[in-house]
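**Student:** Got a structure for you, entry17.cif, holding mmCIF, C-alpha atoms.
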```
data_data
loop_
_atom_site.label_atom_id
_atom_site.label_comp_id
_atom_site.auth_asym_id
_atom_site.auth_seq_id
_atom_site.Cartn_x
_atom_site.Cartn_y
_atom_site.Cartn_z
CA MET A 129 0.00 0.00 0.00
CA VAL A 130 1.84 3.04 -1.23
CA GLU A 131 0.37 6.08 0.48
CA GLN A 132 -1.00 8.09 -2.42
CA HIS A 133 -3.37 10.79 -1.25
CA THR A 134 -4.93 11.96 -4.50
CA PRO A 135 -6.95 15.19 -4.35
CA ARG A 136 -10.16 13.40 -5.34
CA SER A 137 -9.69 10.72 -2.69
CA LEU A 138 -8.98 13.32 -0.02
CA ILE A 139 -12.14 15.26 -0.93
CA VAL A 140 -14.25 12.10 -0.58
CA THR A 141 -12.50 11.35 2.73
CA PHE A 142 -13.14 14.91 3.93
CA TYR A 143 -16.86 14.69 3.18
CA GLY A 144 -17.05 11.33 4.92
CA ALA A 145 -15.24 12.56 8.01
CA TYR A 146 -16.40 16.18 8.34
CA GLY A 147 -18.39 17.46 5.37
CA ARG A 148 -21.68 15.88 6.40
CA ALA A 149 -21.64 17.87 9.64
CA PHE A 150 -21.28 21.21 7.83
CA PRO A 151 -24.23 23.60 8.28
CA GLY A 152 -25.29 23.42 4.65
CA PRO A 153 -23.17 23.13 1.49
CA VAL A 154 -19.41 23.34 1.97
CA PRO A 155 -18.18 26.60 0.39
CA VAL A 156 -15.54 26.25 -2.29
CA SER A 157 -13.33 28.59 -0.28
CA ALA A 158 -13.57 26.23 2.71
CA LEU A 159 -12.69 23.23 0.55
CA VAL A 160 -9.61 25.06 -0.74
CA ARG A 161 -8.54 25.95 2.81
CA LEU A 162 -9.20 22.52 4.30
CA LEU A 163 -7.65 20.50 1.49
CA GLY A 164 -4.76 22.95 1.41
CA ALA A 165 -3.96 21.92 4.99
CA ALA A 166 -3.51 18.37 3.67
CA GLY A 167 -1.16 19.51 0.89
CA VAL A 168 -3.60 19.92 -2.03
CA ASP A 169 -3.32 23.13 -4.03
CA ALA A 170 -6.36 25.17 -5.08
CA PRO A 171 -6.36 24.21 -8.80
CA SER A 172 -6.28 20.52 -7.88
CA VAL A 173 -9.19 21.00 -5.47
CA ARG A 174 -11.28 22.73 -8.13
CA SER A 175 -10.55 20.20 -10.88
CA SER A 176 -11.21 17.25 -8.55
CA VAL A 177 -14.48 18.78 -7.37
CA SER A 178 -15.51 19.15 -11.02
CA ARG A 179 -14.81 15.47 -11.65
CA LEU A 180 -16.80 14.46 -8.58
CA LYS A 181 -19.65 16.66 -9.82
CA ARG A 182 -19.63 14.93 -13.21
CA ARG A 183 -19.77 11.56 -11.45
CA GLY A 184 -22.84 12.67 -9.49
CA PHE A 185 -21.10 12.54 -6.11
CA LEU A 186 -21.24 16.30 -5.48
CA LEU A 187 -23.93 18.80 -6.42
CA PRO A 188 -23.37 22.55 -6.81
CA ALA A 189 -25.29 24.60 -4.25
CA ARG A 190 -25.34 28.03 -2.66
CA THR A 191 -24.52 28.58 0.98
CA GLY A 192 -26.64 30.75 3.26
CA ASP A 193 -24.69 33.85 2.22
CA ARG A 194 -25.01 32.87 -1.47
CA ALA A 195 -21.39 31.74 -1.82
CA ALA A 196 -20.62 28.92 -4.24
CA GLY A 197 -20.41 25.54 -2.59
CA TYR A 198 -21.03 21.82 -2.95
CA GLU A 199 -23.24 19.31 -1.18
CA LEU A 200 -23.47 15.54 -1.36
CA SER A 201 -25.93 13.88 -3.70
CA GLU A 202 -28.39 11.37 -2.24
CA GLU A 203 -26.37 8.53 -3.74
CA ALA A 204 -23.19 9.93 -2.18
CA HIS A 205 -24.91 10.00 1.22
CA ARG A 206 -25.84 6.32 0.79
CA LEU A 207 -22.31 5.41 -0.27
CA LEU A 208 -20.81 7.18 2.74
CA GLU A 209 -23.29 5.54 5.10
CA ASP A 210 -22.28 2.14 3.76
CA GLY A 211 -18.68 3.26 4.15
CA ASP A 212 -19.26 4.13 7.80
CA ARG A 213 -20.22 0.55 8.55
CA ARG A 214 -17.10 -0.70 6.83
CA ILE A 215 -14.57 1.85 8.00
CA TYR A 216 -15.58 2.13 11.62
CA GLY A 217 -17.02 -1.32 12.19
CA ALA A 218 -15.63 -3.77 9.68
CA ALA A 219 -12.34 -4.04 11.50
CA ARG A 220 -14.27 -6.38 13.77
CA PRO A 221 -14.11 -9.93 12.41
CA ALA A 222 -17.33 -11.65 11.46
CA GLU A 223 -18.94 -13.25 14.51
CA SER A 224 -20.08 -16.36 12.66
CA GLN A 225 -18.98 -18.50 9.76
CA GLU A 226 -22.11 -17.80 7.77
CA TRP A 227 -21.32 -16.84 4.20
CA LEU A 228 -22.86 -14.78 1.44
CA LEU A 229 -22.50 -16.45 -1.96
CA ALA A 230 -22.88 -14.52 -5.21
CA VAL A 231 -23.42 -16.69 -8.28
CA PHE A 232 -23.56 -14.84 -11.58
CA SER A 233 -23.79 -15.43 -15.30
CA VAL A 234 -23.46 -12.64 -17.87
CA PRO A 235 -23.99 -13.20 -21.62
CA GLU A 236 -20.87 -12.83 -23.75
CA GLN A 237 -22.38 -9.89 -25.64
CA GLU A 238 -22.58 -8.03 -22.30
CA ARG A 239 -19.04 -8.81 -21.13
CA ALA A 240 -18.54 -5.19 -20.02
CA LYS A 241 -21.14 -5.85 -17.33
CA ARG A 242 -19.30 -9.04 -16.40
CA HIS A 243 -16.15 -7.01 -15.84
CA LEU A 244 -18.10 -4.42 -13.82
CA LEU A 245 -19.69 -7.16 -11.72
CA ARG A 246 -16.38 -8.82 -10.95
CA SER A 247 -14.71 -5.53 -10.08
CA ARG A 248 -17.56 -4.47 -7.78
CA LEU A 249 -17.63 -7.80 -5.98
CA ALA A 250 -13.87 -7.63 -5.51
CA GLY A 251 -14.27 -4.06 -4.28
CA LEU A 252 -16.79 -5.24 -1.70
CA GLY A 253 -14.26 -7.75 -0.36
CA PHE A 254 -15.61 -10.90 -2.00
CA GLY A 255 -13.21 -13.77 -2.56
CA SER A 256 -13.31 -15.95 -5.67
CA VAL A 257 -14.41 -19.57 -5.23
CA ALA A 258 -14.72 -20.47 -8.93
CA PRO A 259 -15.60 -18.71 -12.19
CA GLY A 260 -18.92 -16.97 -11.56
CA VAL A 261 -18.97 -17.92 -7.85
CA TRP A 262 -17.83 -15.35 -5.26
CA ILE A 263 -18.02 -15.40 -1.46
CA ALA A 264 -17.97 -12.95 1.46
CA PRO A 265 -18.91 -12.92 5.14
CA ALA A 266 -22.71 -12.78 5.40
CA GLN A 267 -22.56 -9.48 7.33
CA TRP A 268 -22.17 -7.69 3.96
CA ASP A 269 -25.49 -8.90 2.61
CA GLY A 270 -27.17 -5.48 2.80
CA GLU A 271 -24.36 -3.46 1.27
CA SER A 272 -23.90 -6.03 -1.50
CA ARG A 273 -27.60 -5.88 -2.36
CA ARG A 274 -27.61 -2.09 -2.44
CA THR A 275 -24.51 -1.98 -4.65
CA LEU A 276 -25.88 -4.49 -7.17
CA GLU A 277 -29.24 -2.71 -7.27
CA ARG A 278 -27.61 0.71 -7.77
CA LEU A 279 -25.57 -0.62 -10.69
CA HIS A 280 -28.56 -2.45 -12.21
CA LEU A 281 -26.70 -5.77 -12.03
CA THR A 282 -29.33 -7.79 -10.18
CA PRO A 283 -30.64 -9.62 -13.31
CA TYR A 284 -27.28 -11.41 -13.57
CA VAL A 285 -26.77 -12.45 -9.93
CA GLU A 286 -28.25 -14.86 -7.41
CA LEU A 287 -27.37 -14.39 -3.73
CA PHE A 288 -27.36 -17.16 -1.13
CA ARG A 289 -26.54 -17.35 2.59
CA GLY A 290 -25.27 -20.47 4.29
CA ALA A 291 -22.47 -22.52 5.80
CA HIS A 292 -19.40 -24.07 4.24
CA LEU A 293 -19.90 -27.85 4.48
CA GLY A 294 -16.70 -29.13 2.91
CA PHE A 295 -14.79 -30.83 1.73
CA ALA A 296 -11.55 -29.03 2.66
CA PRO A 297 -11.32 -27.41 6.10
CA THR A 298 -12.81 -23.91 5.94
CA ALA A 299 -9.50 -22.24 6.92
CA GLU A 300 -7.78 -23.93 3.98
CA SER A 301 -10.56 -22.85 1.65
CA VAL A 302 -10.44 -19.25 2.87
CA ALA A 303 -6.70 -19.17 2.06
CA ARG A 304 -7.61 -20.08 -1.53
CA TRP A 305 -10.53 -17.69 -1.86
CA TRP A 306 -8.53 -14.66 -0.63
CA ASP A 307 -4.88 -13.71 -1.02
CA LEU A 308 -4.19 -13.55 2.70
CA ALA A 309 -0.50 -12.71 2.25
CA ALA A 310 -1.40 -9.63 0.18
CA LEU A 311 -4.01 -8.56 2.74
CA ALA A 312 -1.55 -9.00 5.61
CA LYS A 313 0.96 -6.86 3.72
CA GLN A 314 -1.59 -4.05 3.39
CA HIS A 315 -2.21 -4.12 7.15
CA GLU A 316 1.54 -4.09 7.84
CA GLU A 317 2.07 -1.15 5.50
CA PHE A 318 -0.70 0.79 7.24
CA LEU A 319 1.04 0.10 10.56
CA ASP A 320 4.40 1.23 9.18
CA LEU A 321 2.84 4.49 8.00
CA HIS A 322 0.65 5.41 10.96
CA GLU A 323 1.63 3.51 14.11
CA PRO A 324 4.61 5.83 14.78
CA ALA A 325 2.25 8.82 14.89
CA LEU A 326 0.05 7.04 17.41
CA ARG A 327 3.04 6.14 19.57
CA ALA A 328 4.05 9.81 19.60
CA LEU A 329 0.57 10.77 20.73
CA GLN A 330 0.60 8.12 23.45
CA THR A 331 3.79 9.51 24.97
CA GLY A 332 1.95 12.77 25.61
CA ALA A 333 5.03 14.78 24.71
CA ALA A 334 2.94 17.33 22.81
CA VAL A 335 -0.75 17.87 22.20
CA PRO A 336 -1.41 18.46 18.50
CA THR A 337 -3.04 21.68 17.39
CA PRO A 338 -6.50 21.36 15.81
CA GLU A 339 -4.93 21.83 12.37
CA ALA A 340 -2.30 19.13 12.98
CA ALA A 341 -4.96 16.79 14.37
CA TYR A 342 -7.19 17.41 11.36
CA ARG A 343 -4.36 16.79 8.90
CA GLY A 344 -3.16 13.66 10.70
CA TYR A 345 -6.65 12.23 10.93
CA LEU A 346 -7.58 13.00 7.33
CA LEU A 347 -4.43 11.32 6.00
CA ALA A 348 -4.79 8.28 8.26
CA LEU A 349 -8.45 7.86 7.32
CA ASP A 350 -7.67 8.28 3.63
CA THR A 351 -5.19 5.40 3.90
CA TRP A 352 -7.31 3.21 6.18
CA ARG A 353 -10.66 3.42 4.43
CA ARG A 354 -9.53 1.15 1.59
CA LEU A 355 -8.48 -1.66 3.90
CA PRO A 356 -11.92 -2.76 5.15
CA TYR A 357 -12.97 -3.23 1.54
CA ALA A 358 -9.94 -5.36 0.69
CA ASP A 359 -10.20 -7.31 3.96
CA PRO A 360 -13.89 -7.98 4.63
CA GLY A 361 -13.46 -8.99 8.28
CA LEU A 362 -13.00 -12.73 7.96
CA PRO A 363 -13.71 -14.83 11.07
CA ARG A 364 -10.61 -14.61 13.27
CA GLU A 365 -10.37 -18.37 13.80
CA LEU A 366 -9.88 -18.86 10.06
CA LEU A 367 -6.86 -16.55 9.83
CA PRO A 368 -3.18 -17.08 10.66
CA ALA A 369 -2.25 -16.72 14.32
CA ASP A 370 -0.03 -13.71 13.62
CA TRP A 371 -2.68 -11.85 11.61
CA PRO A 372 -1.79 -8.10 11.65
CA GLY A 373 -5.34 -6.92 10.97
CA ASP A 374 -6.18 -6.82 14.67
CA ARG A 375 -3.34 -4.42 15.37
CA SER A 376 -3.95 -2.16 12.38
CA ALA A 377 -7.63 -1.89 13.33
CA ALA A 378 -6.68 -0.99 16.89
CA VAL A 379 -4.23 1.68 15.68
CA PHE A 380 -6.82 3.29 13.43
CA ALA A 381 -9.49 3.14 16.15
CA GLU A 382 -7.22 4.97 18.59
CA LEU A 383 -6.17 7.57 16.02
CA HIS A 384 -9.86 8.14 15.32
CA GLU A 385 -10.56 8.55 19.04
CA ARG A 386 -7.66 10.92 19.66
CA LEU A 387 -7.73 13.08 16.52
CA ARG A 388 -11.14 13.28 14.88
CA ASP A 389 -12.94 15.55 17.33
CA LEU A 390 -9.87 17.67 17.96
CA GLY A 391 -9.48 18.14 14.22
CA ALA A 392 -13.10 19.26 13.95
CA GLY A 393 -12.01 22.50 15.64
CA PHE A 394 -10.01 23.38 12.55
CA VAL A 395 -12.87 22.47 10.23
CA GLU A 396 -15.53 24.62 11.87
CA PRO A 397 -16.50 27.61 9.69
#
```
Please rewrite the model in this file as structure tokens.

**Tutor:**
Amino acid sequence: MVEQHTPRSLIVTFYGAYGRAFPGPVPVSALVRLLGAAGVDAPSVRSSVSRLKRRGFLLPARTGDRAAGYELSEEAHRLLEDGDRRIYGAARPAESQEWLLAVFSVPEQERAKRHLLRSRLAGLGFGSVAPGVWIAPAQWDGESRRTLERLHLTPYVELFRGAHLGFAPTAESVARWWDLAALAKQHEEFLDLHEPALRALQTGAAVPTPEAAYRGYLLALDTWRRLPYADPGLPRELLPADWPGDRSAAVFAELHERLRDLGAGFVEP
């Protein structure tokens, strides 16, 4: 996981962390100031906002004093709400070994939809059992349904819930369905990037300013929020004993606790 904080990603992360609490649309001037604190220059903010507008994520709107601003579309609100469940809760492993199975078939003349379907399932954390058969912890039933409905892919997919009955032990099967070594590496890279900052906070040597807390939290969240989609929270007993996901989740949770509210002081209009 190379830490690449693109302007567009940081804007999405900002709206997820702070933008929804703004009293109305976020003024363009505020976006420039707040993204500038994270190292994004004004032209990059404006061009990235334009791209997010074209994608339907942001809508142009006027603030109370008639300044130009942007608010989230209804679809963006739904996406961020789904993201909340992943980002702040998915670090917890699934409590049961119940699985969600997605079985799909797409005609050859619609292979673009097949590619879209595979990429979305992978993006939701599904592992691949066989061609046209993908699997995830059953806790992602609701989000998976909403995603497939939003993309009009439901005619091609059947969803099932159930247990793995064999024939290989489930832990061995999970190691085939997901690339656990690659997932572990992503957790370790997150720890390399952000655990030192947490250790510095824990020593109490210096209390960060609201601006420093905001910047540190925004960058940590922008890195972390991809991980719960790559790693869907597999049952702990099915993972290697030295699984680093527990530690990376704990590091993010503590950074969230220590920095988010303090950083909100810098965000306030």

**Student:** Pick the closest to Ser172 of chain A from A:Leu159, A:Lys313, A:Gly251, A:Leu287: which is it, counting all atoms listed in the file?

**Tutor:**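 Using all atoms listed in the file, the shortest distance to Ser172 of chain A belongs to A:Leu159.
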
**Student:** Leaving out Leu186 of chain A and any residue of its chain fewer than 6 positions from it, which residues lie within 12 Å of it when counting only C-alpha atoms, given as a list in words?

**Tutor:**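 In the requested format, the answer is Arg136, Ile139, Val140, Tyr143, Gly147, Arg148, Pro153, Val154, Val156, Ser176, Val177, Ser178, Arg179, Leu180, Gly197, Tyr198, Glu199, Leu200, Ser201, Glu202, Glu203, Ala204 and His205 of chain A.
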
**Student:** List the residues matched by the PyMOL selection byres ((chain A and resi 392) around 12) in the displayed structure as a ChimeraX atom specification, ordered by chain and then by residue number.

**Tutor:** /A:142,145-150,162,337-346,384,386-391,393-397

**Student:** Considering only C-alpha atoms, state which residue in the set A:Leu347, A:Leu362, A:Leu281, A:Leu383 is at the smallest distance from Arg327 of chain A.

**Tutor:** A:Leu383

**Student:** Report, in Å to a single decimal, how far apart atom CA of Asp210 of chain A and atom CA of Pro368 of chain A are.

**Tutor:**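 Pair atom CA of Pro368 of chain A / atom CA of Asp210 of chain A returns 28.0 Å.
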
**Student:** Which residue, A:Pro363, A:Pro171, A:Gly290, A:Gly152, has the smallest gap to Glu226 of chain A when you use all atoms listed in the file?

**Tutor:**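 The shortest atom-to-atom distance to Glu226 of chain A comes from A:Gly290.
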
**Student:** In Å, with one decimal, what is the gap from atom CA of Thr141 of chain A to atom CA of Gly184 of chain A?

**Tutor:**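 The value is 16.1 Å.
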
**Student:** So, counting all atoms listed in the file, which residue among A:Phe254, A:Phe232, A:Trp306, A:Trp352 is closest to Trp268 of chain A?

**Tutor:** A:Phe254

**Student:** Taking only C-alpha atoms into account, which of A:Val285, A:Ile263, A:Ala296, A:Ala303 comes nearest Leu366 of chain A?

**Tutor:** A:Ala303

**Student:** Just want the 8 Å neighbourhood of Phe318 of chain A, counted on only C-alpha atoms, with same-chain residues fewer than 3 positions away dropped. Output as a list in words.

**Tutor:**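 That gives Met129, Gln314, His315, Leu321, His322, Glu323, Thr351, Trp352 and Ser376 of chain A.
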
**Student:** Please complete segment 196-209 of chain A with N, CA and C atoms and give it back as a PDB file, in the coordinates of the input.

**Tutor:**
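Okay, this is what ended up in rebuild12.pdb:
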```pdb
ATOM      1  N   ALA A 196     -20.632  30.185  -3.517  1.00  0.00           N
ATOM      2  CA  ALA A 196     -20.620  28.920  -4.240  1.00  0.00           C
ATOM      3  C   ALA A 196     -20.125  27.802  -3.334  1.00  0.00           C
ATOM      4  N   GLY A 197     -20.808  26.670  -3.417  1.00  0.00           N
ATOM      5  CA  GLY A 197     -20.410  25.540  -2.590  1.00  0.00           C
ATOM      6  C   GLY A 197     -20.870  24.236  -3.209  1.00  0.00           C
ATOM      7  N   TYR A 198     -20.644  23.140  -2.467  1.00  0.00           N
ATOM      8  CA  TYR A 198     -21.030  21.820  -2.950  1.00  0.00           C
ATOM      9  C   TYR A 198     -21.605  21.002  -1.799  1.00  0.00           C
ATOM     10  N   GLU A 199     -22.649  20.222  -2.141  1.00  0.00           N
ATOM     11  CA  GLU A 199     -23.240  19.310  -1.180  1.00  0.00           C
ATOM     12  C   GLU A 199     -23.260  17.905  -1.768  1.00  0.00           C
ATOM     13  N   LEU A 200     -23.440  16.922  -0.918  1.00  0.00           N
ATOM     14  CA  LEU A 200     -23.470  15.540  -1.360  1.00  0.00           C
ATOM     15  C   LEU A 200     -24.781  15.214  -2.050  1.00  0.00           C
ATOM     16  N   SER A 201     -24.711  14.410  -3.091  1.00  0.00           N
ATOM     17  CA  SER A 201     -25.930  13.880  -3.700  1.00  0.00           C
ATOM     18  C   SER A 201     -26.522  12.809  -2.780  1.00  0.00           C
ATOM     19  N   GLU A 202     -27.768  12.432  -3.047  1.00  0.00           N
ATOM     20  CA  GLU A 202     -28.390  11.370  -2.240  1.00  0.00           C
ATOM     21  C   GLU A 202     -27.610  10.071  -2.359  1.00  0.00           C
ATOM     22  N   GLU A 203     -27.152   9.757  -3.567  1.00  0.00           N
ATOM     23  CA  GLU A 203     -26.370   8.530  -3.740  1.00  0.00           C
ATOM     24  C   GLU A 203     -25.067   8.600  -2.962  1.00  0.00           C
ATOM     25  N   ALA A 204     -24.433   9.781  -2.940  1.00  0.00           N
ATOM     26  CA  ALA A 204     -23.190   9.930  -2.180  1.00  0.00           C
ATOM     27  C   ALA A 204     -23.443   9.713  -0.697  1.00  0.00           C
ATOM     28  N   HIS A 205     -24.560  10.240  -0.192  1.00  0.00           N
ATOM     29  CA  HIS A 205     -24.910  10.000   1.220  1.00  0.00           C
ATOM     30  C   HIS A 205     -25.022   8.499   1.485  1.00  0.00           C
ATOM     31  N   ARG A 206     -25.684   7.767   0.588  1.00  0.00           N
ATOM     32  CA  ARG A 206     -25.840   6.320   0.790  1.00  0.00           C
ATOM     33  C   ARG A 206     -24.488   5.615   0.754  1.00  0.00           C
ATOM     34  N   LEU A 207     -23.626   6.016  -0.178  1.00  0.00           N
ATOM     35  CA  LEU A 207     -22.310   5.410  -0.270  1.00  0.00           C
ATOM     36  C   LEU A 207     -21.494   5.655   1.004  1.00  0.00           C
ATOM     37  N   LEU A 208     -21.564   6.872   1.526  1.00  0.00           N
ATOM     38  CA  LEU A 208     -20.810   7.180   2.740  1.00  0.00           C
ATOM     39  C   LEU A 208     -21.383   6.463   3.951  1.00  0.00           C
ATOM     40  N   GLU A 209     -22.691   6.293   3.995  1.00  0.00           N
ATOM     41  CA  GLU A 209     -23.290   5.540   5.100  1.00  0.00           C
ATOM     42  C   GLU A 209     -22.849   4.086   5.066  1.00  0.00           C
TER      43      GLU A 209
END
```
